[in-house]
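Next up, upload_13.cif (mmCIF, C-alpha atoms and all ligand atoms):
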data_coords
#
loop_
_atom_site.group_PDB
_atom_site.id
_atom_site.type_symbol
_atom_site.label_atom_id
_atom_site.label_comp_id
_atom_site.auth_asym_id
_atom_site.auth_seq_id
_atom_site.Cartn_x
_atom_site.Cartn_y
_atom_site.Cartn_z
ATOM 1 C CA MET A 1 -80.033 41.889 -25.503
ATOM 2 C CA ALA A 2 -76.807 43.658 -24.730
ATOM 3 C CA VAL A 3 -76.164 46.090 -21.917
ATOM 4 C CA VAL A 4 -74.346 49.131 -23.278
ATOM 5 C CA ARG A 5 -72.637 51.738 -21.118
ATOM 6 C CA VAL A 6 -73.574 55.186 -22.371
ATOM 7 C CA THR A 7 -72.004 58.420 -21.166
ATOM 8 C CA GLY A 8 -74.311 61.316 -21.929
ATOM 9 C CA ARG A 9 -73.437 64.880 -22.865
ATOM 10 C CA ASP A 10 -73.765 65.691 -19.163
ATOM 11 C CA GLY A 11 -70.938 63.257 -18.390
ATOM 12 C CA VAL A 12 -73.192 60.858 -16.539
ATOM 13 C CA GLU A 13 -72.904 57.164 -17.398
ATOM 14 C CA ARG A 14 -75.981 54.999 -17.615
ATOM 15 C CA ARG A 15 -76.590 51.414 -18.631
ATOM 16 C CA LEU A 16 -78.906 50.772 -21.487
ATOM 17 C CA ASP A 17 -80.548 47.528 -22.593
ATOM 18 C CA ALA A 18 -80.241 47.311 -26.374
ATOM 19 C CA THR A 19 -82.187 44.729 -28.353
ATOM 20 C CA ASN A 20 -80.279 42.340 -30.576
ATOM 21 C CA GLY A 21 -80.708 42.987 -34.271
ATOM 22 C CA CYS A 22 -81.522 46.667 -33.852
ATOM 23 C CA ALA A 23 -79.254 49.515 -34.791
ATOM 24 C CA LEU A 24 -77.553 50.977 -31.738
ATOM 25 C CA MET A 25 -78.914 54.355 -32.883
ATOM 26 C CA GLU A 26 -82.479 53.130 -32.298
ATOM 27 C CA ALA A 27 -81.743 52.063 -28.727
ATOM 28 C CA LEU A 28 -80.010 55.387 -28.017
ATOM 29 C CA ARG A 29 -82.799 57.421 -29.630
ATOM 30 C CA ASP A 30 -85.570 55.546 -27.831
ATOM 31 C CA ALA A 31 -83.814 56.007 -24.487
ATOM 32 C CA ASN A 32 -83.667 59.800 -24.938
ATOM 33 C CA THR A 33 -79.901 59.997 -24.817
ATOM 34 C CA GLY A 34 -79.816 62.982 -27.179
ATOM 35 C CA ILE A 35 -79.328 60.888 -30.290
ATOM 36 C CA ASP A 36 -81.844 61.929 -32.944
ATOM 37 C CA GLY A 37 -81.189 59.553 -35.828
ATOM 38 C CA THR A 38 -83.037 61.965 -38.075
ATOM 39 C CA CYS A 39 -82.432 60.098 -41.324
ATOM 40 C CA GLY A 40 -83.420 56.742 -39.864
ATOM 41 C CA GLY A 41 -80.073 55.128 -40.532
ATOM 42 C CA MET A 42 -79.508 56.236 -44.133
ATOM 43 C CA MET A 43 -76.134 57.787 -43.295
ATOM 44 C CA SER A 44 -77.247 61.226 -44.392
ATOM 45 C CA CYS A 45 -77.681 63.208 -41.152
ATOM 46 C CA GLY A 46 -74.845 62.460 -38.741
ATOM 47 C CA THR A 47 -77.133 62.993 -35.741
ATOM 48 C CA CYS A 48 -76.288 59.511 -34.438
ATOM 49 C CA HIS A 49 -72.582 60.265 -33.932
ATOM 50 C CA VAL A 50 -70.999 58.575 -30.924
ATOM 51 C CA TYR A 51 -67.486 58.088 -29.591
ATOM 52 C CA VAL A 52 -66.660 54.414 -29.067
ATOM 53 C CA ASP A 53 -64.142 53.667 -26.326
ATOM 54 C CA ALA A 54 -60.727 52.676 -27.628
ATOM 55 C CA ASP A 55 -60.978 49.212 -26.058
ATOM 56 C CA TRP A 56 -63.984 48.466 -28.228
ATOM 57 C CA LEU A 57 -62.931 49.873 -31.571
ATOM 58 C CA ALA A 58 -61.281 46.721 -32.886
ATOM 59 C CA LYS A 59 -64.274 44.613 -31.848
ATOM 60 C CA LEU A 60 -66.667 46.462 -34.132
ATOM 61 C CA PRO A 61 -66.999 45.927 -37.870
ATOM 62 C CA PRO A 62 -64.944 48.522 -39.743
ATOM 63 C CA LYS A 63 -66.503 51.707 -41.094
ATOM 64 C CA SER A 64 -67.798 51.624 -44.633
ATOM 65 C CA GLU A 65 -66.693 54.245 -47.121
ATOM 66 C CA ASP A 66 -70.120 55.897 -46.875
ATOM 67 C CA GLU A 67 -69.939 56.052 -43.075
ATOM 68 C CA GLN A 68 -66.511 57.651 -43.275
ATOM 69 C CA MET A 69 -67.788 60.194 -45.793
ATOM 70 C CA MET A 70 -70.637 61.201 -43.455
ATOM 71 C CA LEU A 71 -68.239 61.481 -40.543
ATOM 72 C CA ASP A 72 -65.920 63.644 -42.640
ATOM 73 C CA ALA A 73 -68.876 65.892 -43.453
ATOM 74 C CA ILE A 74 -69.897 66.428 -39.821
ATOM 75 C CA GLY A 75 -66.246 66.840 -38.875
ATOM 76 C CA GLU A 76 -66.584 70.444 -39.958
ATOM 77 C CA LEU A 77 -69.178 70.956 -37.221
ATOM 78 C CA VAL A 78 -68.081 68.719 -34.350
ATOM 79 C CA GLU A 79 -64.839 67.239 -33.126
ATOM 80 C CA LEU A 80 -64.059 63.810 -34.490
ATOM 81 C CA GLU A 81 -62.097 61.280 -32.463
ATOM 82 C CA PRO A 82 -60.528 57.956 -33.444
ATOM 83 C CA GLY A 83 -63.601 56.293 -31.947
ATOM 84 C CA SER A 84 -66.096 58.354 -33.931
ATOM 85 C CA ARG A 85 -68.812 56.137 -35.390
ATOM 86 C CA LEU A 86 -72.341 56.491 -36.682
ATOM 87 C CA SER A 87 -74.411 54.483 -34.230
ATOM 88 C CA CYS A 88 -76.919 53.669 -36.976
ATOM 89 C CA GLN A 89 -74.212 51.498 -38.521
ATOM 90 C CA ILE A 90 -73.578 49.463 -35.376
ATOM 91 C CA GLN A 91 -75.867 46.463 -35.091
ATOM 92 C CA VAL A 92 -76.638 45.274 -31.589
ATOM 93 C CA SER A 93 -75.733 41.694 -30.723
ATOM 94 C CA GLU A 94 -74.581 39.730 -27.702
ATOM 95 C CA ALA A 95 -71.057 40.551 -28.789
ATOM 96 C CA LEU A 96 -71.661 44.167 -27.755
ATOM 97 C CA GLU A 97 -72.294 43.298 -24.098
ATOM 98 C CA GLY A 98 -70.480 45.962 -22.095
ATOM 99 C CA LEU A 99 -69.786 48.253 -25.059
ATOM 100 C CA SER A 100 -68.847 51.702 -23.815
ATOM 101 C CA ILE A 101 -69.666 54.842 -25.784
ATOM 102 C CA ARG A 102 -70.068 58.579 -25.302
ATOM 103 C CA ILE A 103 -72.740 60.656 -26.988
ATOM 104 C CA ALA A 104 -71.056 63.182 -29.283
ATOM 105 C CA PRO A 105 -72.091 66.851 -29.352
ATOM 106 C CA PRO A 106 -75.092 67.652 -31.538
ATOM 107 C CA VAL A 107 -74.519 68.536 -35.207
HETATM 108 S S1 LIG S 201 -79.158 58.096 -38.317
HETATM 109 FE FE1 LIG S 201 -78.575 59.522 -39.830
HETATM 110 S S2 LIG S 201 -76.483 59.105 -40.147
HETATM 111 FE FE2 LIG S 201 -77.055 57.671 -38.633
#

What is this structure when it is put down as structure tokens?
Ligand code: FES
Amino acid sequence: MAVVRVTGRDGVERRLDATNGCALMEALRDANTGIDGTCGGMMSCGTCHVYVDADWLAKLPPKSEDEQMMLDAIGELVELEPGSRLSCQIQVSEALEGLSIRIAPPV
């Protein structure tokens, strides 16, 4: 279990218990944060887009080419930031304790 700090689209921060081994997208979706995860983690929808705080970027595994391609695709619809990630590609572990993210606008 890792406690993740999630700032919603309303600007309000909440703490979320995320289960180890799950995709962060699943924890965000199940907690009704506005993340849909429509494709179930297949990197084909972009509805799991989050902004990871700068302090955490280097602690996460790097983006794959496919993740970057999906982000580039949704970049025509929403603003991308250096911390833009697909939360379906972030696996929850103890190492994420305290991770801070913001929910990106819907695509
Ligand atoms: S859940 Fe569809 S791209 Fe992440």

Check your understanding: For Ala31 (chain A), which residue out of A:Pro106, A:Gly8, A:Gly98, A:Gly75 is the nearest one, using all atoms listed in the file?
Key -> A:Gly8

Exercise for review: Run through the PyMOL selection byres (((not hetatm)) within 8 of (chain S and resi 201)) on the given coordinates and return the selected residues as a PyMOL selection string.
Suggested key: chain A and resi 25+36-49+67+70+86-89

Starting from the point (-79.9, 49.2, -32.0), work out which residues of protein, DNA or RNA have an atom no more than 12 Å away when counting all atoms listed in the file; state them as a PDB file with C-alpha atoms, in the frame of the given file.
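The result, written out as part-v4.pdb:
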ATOM      1  CA  MET A   1     -80.033  41.889 -25.503  1.00  0.00           C
ATOM      2  CA  ALA A   2     -76.807  43.658 -24.730  1.00  0.00           C
ATOM      3  CA  VAL A   3     -76.164  46.090 -21.917  1.00  0.00           C
ATOM      4  CA  VAL A   4     -74.346  49.131 -23.278  1.00  0.00           C
ATOM      5  CA  LEU A  16     -78.906  50.772 -21.487  1.00  0.00           C
ATOM      6  CA  ASP A  17     -80.548  47.528 -22.593  1.00  0.00           C
ATOM      7  CA  ALA A  18     -80.241  47.311 -26.374  1.00  0.00           C
ATOM      8  CA  THR A  19     -82.187  44.729 -28.353  1.00  0.00           C
ATOM      9  CA  ASN A  20     -80.279  42.340 -30.576  1.00  0.00           C
ATOM     10  CA  GLY A  21     -80.708  42.987 -34.271  1.00  0.00           C
ATOM     11  CA  CYS A  22     -81.522  46.667 -33.852  1.00  0.00           C
ATOM     12  CA  ALA A  23     -79.254  49.515 -34.791  1.00  0.00           C
ATOM     13  CA  LEU A  24     -77.553  50.977 -31.738  1.00  0.00           C
ATOM     14  CA  MET A  25     -78.914  54.355 -32.883  1.00  0.00           C
ATOM     15  CA  GLU A  26     -82.479  53.130 -32.298  1.00  0.00           C
ATOM     16  CA  ALA A  27     -81.743  52.063 -28.727  1.00  0.00           C
ATOM     17  CA  LEU A  28     -80.010  55.387 -28.017  1.00  0.00           C
ATOM     18  CA  ARG A  29     -82.799  57.421 -29.630  1.00  0.00           C
ATOM     19  CA  ASP A  30     -85.570  55.546 -27.831  1.00  0.00           C
ATOM     20  CA  ALA A  31     -83.814  56.007 -24.487  1.00  0.00           C
ATOM     21  CA  ILE A  35     -79.328  60.888 -30.290  1.00  0.00           C
ATOM     22  CA  GLY A  37     -81.189  59.553 -35.828  1.00  0.00           C
ATOM     23  CA  GLY A  40     -83.420  56.742 -39.864  1.00  0.00           C
ATOM     24  CA  GLY A  41     -80.073  55.128 -40.532  1.00  0.00           C
ATOM     25  CA  CYS A  48     -76.288  59.511 -34.438  1.00  0.00           C
ATOM     26  CA  LEU A  86     -72.341  56.491 -36.682  1.00  0.00           C
ATOM     27  CA  SER A  87     -74.411  54.483 -34.230  1.00  0.00           C
ATOM     28  CA  CYS A  88     -76.919  53.669 -36.976  1.00  0.00           C
ATOM     29  CA  GLN A  89     -74.212  51.498 -38.521  1.00  0.00           C
ATOM     30  CA  ILE A  90     -73.578  49.463 -35.376  1.00  0.00           C
ATOM     31  CA  GLN A  91     -75.867  46.463 -35.091  1.00  0.00           C
ATOM     32  CA  VAL A  92     -76.638  45.274 -31.589  1.00  0.00           C
ATOM     33  CA  SER A  93     -75.733  41.694 -30.723  1.00  0.00           C
ATOM     34  CA  GLU A  94     -74.581  39.730 -27.702  1.00  0.00           C
ATOM     35  CA  LEU A  96     -71.661  44.167 -27.755  1.00  0.00           C
TER      36      LEU A  96
END

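Ranking A:Arg14, A:Glu97, A:Leu71, A:Ala54 by their shortest atom-to-atom distance to Asn32 (chain A), with all atoms listed in the file included, puts A:Arg14 first.
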
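Going from CA of Ala95 (chain A) over to CA of Glu81 (chain A), you cover 22.9 Å.
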
**Study point:** Output check: residues returned by the PyMOL selection byres (((chain A and resi 80) around 12) and not hetatm), as a PyMOL selection string
**Key:** chain A and resi 46+49-52+68+70-79+81-86+103-105+107

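The spacing separating CA of Lys63 (chain A) from CA of Thr33 (chain A) amounts to 22.7 Å.
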
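One finds CA of Thr7 (chain A) at 4.6 Å from CA of Arg102 (chain A).
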
Taking all listed atoms of region 76-92 of chain A, build the axis-aligned box, pad each of the six sides by 4 Å, then write its centre and edge lengths in Å to one decimal as AutoDock Vina command-line options.
--center_x -68.7 --center_y 58.1 --center_z -35.8 --size_x 24.4 --size_y 33.7 --size_z 16.4
